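Okay, so here's the structure we're looking at.
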Amino acid sequence: MMFVMRRQPPFFRVMGILARLLPASRRRFSAQPGRALRALLAAAGQIVGTLFLSSFAQAQDMEPRSYSNAPIGLNFLIAGYGYTRGGLAFDSSLAVTDPQLTTSSAILAYGRVLDFFGQSAKLNIIVPYTELSGNANFAGEVLRRDVSGFADPVLKLSVNVFGAPALSLREFAAYEQDLIVGASLRVSPPLGQYDNSKAVNLGSNRWSFKPELGLSKALGRWTLEGTAAATLFTDNKDFFNGNKRSQEALYSLEGHLIHSFSGGIWASLDATYFAGGRTTLDGTLGSDLQQNWRFGATLAFPVTIHHSIKLYGSSGVSARTGNNFDLLGLAWQYRWGAGL
């Protein structure tokens, strides 16, 4: 990338314009912020990573800070953009070969931090609108698909069962993470755009359920995270001209190495492995057992006490079924409530 001397890069010029549009009282920080403000900025940096749930494949999403703590009553509104290139991002078990597909997704999400019997919890809702185009081979036939519309929404409830009690904003100022143990359930209803005359769709025409267990251990400015999950699927009884398609559970392991910087900024190296998900089409078991690896990175930082930005990317590095894809994304978050 080339830069003109004495001119800021486009990203910083845009951020400068946005900053000037904000009220001065919201974009100026004290030179020596108090502990409550520092704690809130740290929480803000965490939640921008937590709430931006991937709208893509069931086991391939990577979510650092999923089980971090935050003050009860905070609300989050998130808008984002994600771009993928390569394999089909929303249904990694679809038996397509030689995929040359791209997607562009605008994503809107809402989240809230809750008090769940004395422990902190988060409720997240995400709605993606996607444009897909490209070619792929399916059952020996080259398919061309150009479509836009809503993909399946996602709802997720996560609960920290140990190490992250429900705290007010004032109480949260004294909180320091050690070991957090959490659990979550992610549900995706079949509300996305679907056409049974097409093999590749934005919606899946079936329900999916993803229970998950997670651990998060803080070691100074470093945090180690790991999760284990299983994604379960109902049958698609109207798949590609009326066929019935079933899928076995898809199991996944996910890990993150996170470093926290001053001012609520953090960065993460992310990895996930998933296996299983073999499909059956009208009683015939497919040879599409998945054993896939993905690696990625995330950077999140607060712009003001109310606004945060997240940049992220990932790539498939090994896939038994040839359904790897590359992902780049950007998310903006606005937060309010809890006395903020």
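Scheme for the structure tokens: letters A, B, ... for chains in order shown; per-chain residue numbers from 1; ligand numbers from 1 in order shown.
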inquiry  = Need to verify the contact set: region 230-246 of chain A, 9 Å, only C-alpha atoms, exclusion of same-chain residues closer than 6 positions in sequence. Can you return it as a count of residues only?
reply    = 26
inquiry  = I'd like the contact shell of Ala275 (chain A) - 8 Å cut-off, only C-alpha atoms, skipping same-chain residues fewer than 2 positions apart - returned as an MDAnalysis selection string.
reply    = chainID A and resid 250:252 273 277 289:292
query = For Phe76 (chain A), which of A:Ser148, A:Asn124, A:Thr298, A:Gln193 is the closest residue, counting only C-alpha atoms?
reply = A:Asn124
inquiry  = With DSSP run on the backbone, what are the strand (DSSP E or B) residues within region 63-299 of chain A? I'd like them as a PyMOL selection string.
reply    = chain A and resi 75-86+96-116+119-138+141-150+154-162+165+179-188+208-219+222-233+236-239+243-247+250-260+266-276+279-281+284-285+290-299
ask   = Leaving out Phe117 (chain A) and any residue of its chain fewer than 6 positions from it, which residues lie within 10 Å of it when counting only C-alpha atoms, given as a list of chain:residue names?
value = A:Val159, A:Val161, A:Pro165, A:Ala166
Write to file, as a PDB file, in the first residue's frame, the residues of the selection just made, with all heavy atoms.
ATOM      1  N   VAL A 159     -23.491 -17.688  30.046  1.00  0.00           N
ATOM      2  CA  VAL A 159     -23.531 -17.485  31.491  1.00  0.00           C
ATOM      3  C   VAL A 159     -22.165 -17.838  32.069  1.00  0.00           C
ATOM      4  O   VAL A 159     -21.622 -18.915  31.785  1.00  0.00           O
ATOM      5  CB  VAL A 159     -24.615 -18.356  32.154  1.00  0.00           C
ATOM      6  CG1 VAL A 159     -24.610 -18.144  33.664  1.00  0.00           C
ATOM      7  CG2 VAL A 159     -25.984 -18.042  31.577  1.00  0.00           C
ATOM      8  N   VAL A 161     -20.421 -19.140  35.070  1.00  0.00           N
ATOM      9  CA  VAL A 161     -20.838 -19.880  36.264  1.00  0.00           C
ATOM     10  C   VAL A 161     -19.818 -19.791  37.387  1.00  0.00           C
ATOM     11  O   VAL A 161     -20.107 -20.152  38.532  1.00  0.00           O
ATOM     12  CB  VAL A 161     -21.114 -21.358  35.922  1.00  0.00           C
ATOM     13  CG1 VAL A 161     -22.254 -21.461  34.922  1.00  0.00           C
ATOM     14  CG2 VAL A 161     -19.870 -22.041  35.367  1.00  0.00           C
ATOM     15  N   PRO A 165     -18.761 -12.672  38.805  1.00  0.00           N
ATOM     16  CA  PRO A 165     -20.044 -12.365  39.440  1.00  0.00           C
ATOM     17  C   PRO A 165     -20.723 -11.162  38.816  1.00  0.00           C
ATOM     18  O   PRO A 165     -20.090 -10.338  38.155  1.00  0.00           O
ATOM     19  CB  PRO A 165     -19.643 -12.078  40.900  1.00  0.00           C
ATOM     20  CG  PRO A 165     -18.226 -11.602  40.806  1.00  0.00           C
ATOM     21  CD  PRO A 165     -17.612 -12.390  39.689  1.00  0.00           C
ATOM     22  N   ALA A 166     -22.040 -11.079  39.038  1.00  0.00           N
ATOM     23  CA  ALA A 166     -22.810  -9.931  38.566  1.00  0.00           C
ATOM     24  C   ALA A 166     -22.433  -8.711  39.395  1.00  0.00           C
ATOM     25  O   ALA A 166     -22.553  -8.722  40.626  1.00  0.00           O
ATOM     26  CB  ALA A 166     -24.306 -10.230  38.687  1.00  0.00           C
TER      27      ALA A 166
END
inquiry  = One number please: CA of Ser287 (chain A) to CA of Arg144 (chain A), in Å, one decimal.
reply    =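 CA of Arg144 (chain A) lies 23.5 Å from CA of Ser287 (chain A).
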note = For Asp178 (chain A), the closest of A:Leu328, A:Val147, A:Leu215, A:Leu114 counting only C-alpha atoms is A:Leu215
